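One structure below.
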Amino acid sequence: MKPQSFHLIPDMEKGYCMSVGVRAGDLLFIGGLFAVDDEGNALHPDDAAMQFKVVYEQMNRVLAAHGGTAADVVSETIYYGCSAEEYSERLVPYRQAFYLGCNGPSVVGVQVAGFIERAIQVEVTAIAYLPVRA
């Protein structure tokens, strides 16, 4: 099966030459999730925790479009521009809520100096395992 692209905000994603989701066989690659509205405008520029909440809402939309849930995510990379303390205290609770009832995927958190836009404070990529049913 040929990889299939999925877009939440087609115009913005095409402008960046990206797809927020790419289904390739049993795997769904989810990438470049950051807090924007349906027109691509940055949300919560001064609140990394609220951005993280939006990112998990977006991830849920991408997963649901492919018949998946948080339980199907097998790997996740979190890039954050806030302090490690803020990440642990304010952001992690949104992650815990997203994966509530799941074992949770393998994960790495990477503190970064900045993102493509100044308003962005958090970006997430993930891989979900969604076996193709014959």
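Just so we're on the same page: first chain in the structure tokens is A, next is B, and so on; residues restart at 1 for each chain, and ligands are numbered from 1 in the order they show up.
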Next on the checklist: When you look at Leu28 in chain A with a cut-off of 8 Å (counting only C-alpha atoms), what residues show up, excluding the ones that are within fewer than 5 positions of it in the same chain? I need them as a PyMOL selection string.
Outcome noted: chain A and resi 21-23+127-130
Next on the checklist: With DSSP run on the backbone, what are the strand (DSSP E) residues within chain A? I'd like them as a PyMOL selection string.
Outcome noted: chain A and resi 4-6+21-24+27-33+73-80+106-111+122-129
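Going from CA of Ala70 in chain A over to CA of Ala113 in chain A, you cover 28.3 Å.
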Checklist entry - Can you list, as an MDAnalysis selection string, every residue of range 3-134 of chain A that DSSP puts in alpha helix (DSSP H)? => result chainID A and resid 10:15 48:65 84:86 92:98
Checklist entry - Which residue gives the smallest distance to Val73 in chain A among A:Gln121, A:Gln111, A:Lys53, A:Asn60, with only C-alpha atoms counted? => result A:Asn60
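One finds CA of Ala42 in chain A at 15.4 Å from CA of Gly15 in chain A.
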Can you tell me, as an mmCIF file with N, CA, C and O atoms, in the first residue's frame, what residues are no more than 9 Å from Val92 in chain A when counting only C-alpha atoms, ignoring any on the same chain fewer than 5 positions away?
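Written file, around_7.cif:
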data_model
loop_
_atom_site.group_PDB
_atom_site.id
_atom_site.type_symbol
_atom_site.label_atom_id
_atom_site.label_comp_id
_atom_site.auth_asym_id
_atom_site.auth_seq_id
_atom_site.Cartn_x
_atom_site.Cartn_y
_atom_site.Cartn_z
ATOM 1 N N ALA A 49 1.816 25.153 28.680
ATOM 2 C CA ALA A 49 0.915 24.092 29.137
ATOM 3 C C ALA A 49 -0.354 24.042 28.287
ATOM 4 O O ALA A 49 -0.794 22.961 27.880
ATOM 5 N N PHE A 52 0.418 22.542 24.999
ATOM 6 C CA PHE A 52 0.534 21.091 25.106
ATOM 7 C C PHE A 52 -0.845 20.444 25.082
ATOM 8 O O PHE A 52 -1.052 19.418 24.426
ATOM 9 N N GLU A 86 9.008 23.684 34.461
ATOM 10 C CA GLU A 86 7.667 23.957 33.949
ATOM 11 C C GLU A 86 7.144 22.743 33.176
ATOM 12 O O GLU A 86 5.977 22.376 33.299
ATOM 13 N N TYR A 87 8.020 22.120 32.395
ATOM 14 C CA TYR A 87 7.624 20.920 31.655
ATOM 15 C C TYR A 87 7.090 19.861 32.620
ATOM 16 O O TYR A 87 6.005 19.320 32.426
ATOM 17 N N ALA A 97 -2.992 12.735 31.313
ATOM 18 C CA ALA A 97 -4.433 12.654 31.033
ATOM 19 C C ALA A 97 -4.688 12.018 29.671
ATOM 20 O O ALA A 97 -5.622 11.224 29.518
#
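Restricting the calculation to only C-alpha atoms, the smallest distance between Ala35 in chain A and any of A:Ser83, A:Thr77, A:Thr69, A:Gln58 is found for A:Gln58.
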Next on the checklist: Could you check the closest approach to Val36 in chain A for each of A:Cys17, A:Val122, A:Leu91, A:Val132 and tell me which residue wins, using only C-alpha atoms?
Outcome noted: A:Val122
Checklist entry - Which residues, written as a ChimeraX atom specification, have at least one atom at most 12 Å from Leu8 in chain A, with only C-alpha atoms counted and residues fewer than 3 positions away on the same chain left out? => result /A:5,11-14,18-22,30-40,55,57-65
May I have the residues within 8 Å of Gly25 in chain A as an mmCIF file with C-alpha atoms, in the first residue's frame, using only C-alpha atoms and disregarding those fewer than 5 positions away in the same chain?
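Printed below is around_26.cif as written:
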data_model
loop_
_atom_site.group_PDB
_atom_site.id
_atom_site.type_symbol
_atom_site.label_atom_id
_atom_site.label_comp_id
_atom_site.auth_asym_id
_atom_site.auth_seq_id
_atom_site.Cartn_x
_atom_site.Cartn_y
_atom_site.Cartn_z
ATOM 1 C CA MET A 1 0.000 0.000 0.000
ATOM 2 C CA LYS A 2 1.273 3.466 -0.916
ATOM 3 C CA PRO A 3 1.704 5.928 1.998
ATOM 4 C CA PRO A 131 -2.577 -2.947 12.035
ATOM 5 C CA VAL A 132 -4.236 -2.996 8.632
#
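Counting only C-alpha atoms and comparing A:Gly109, A:Ile9, A:Ala126, A:Val74, the residue that lies closest to Asn41 in chain A is A:Ile9.
What separates CA of Tyr79 in chain A from CA of Val112 in chain A is a distance of 6.4 Å.
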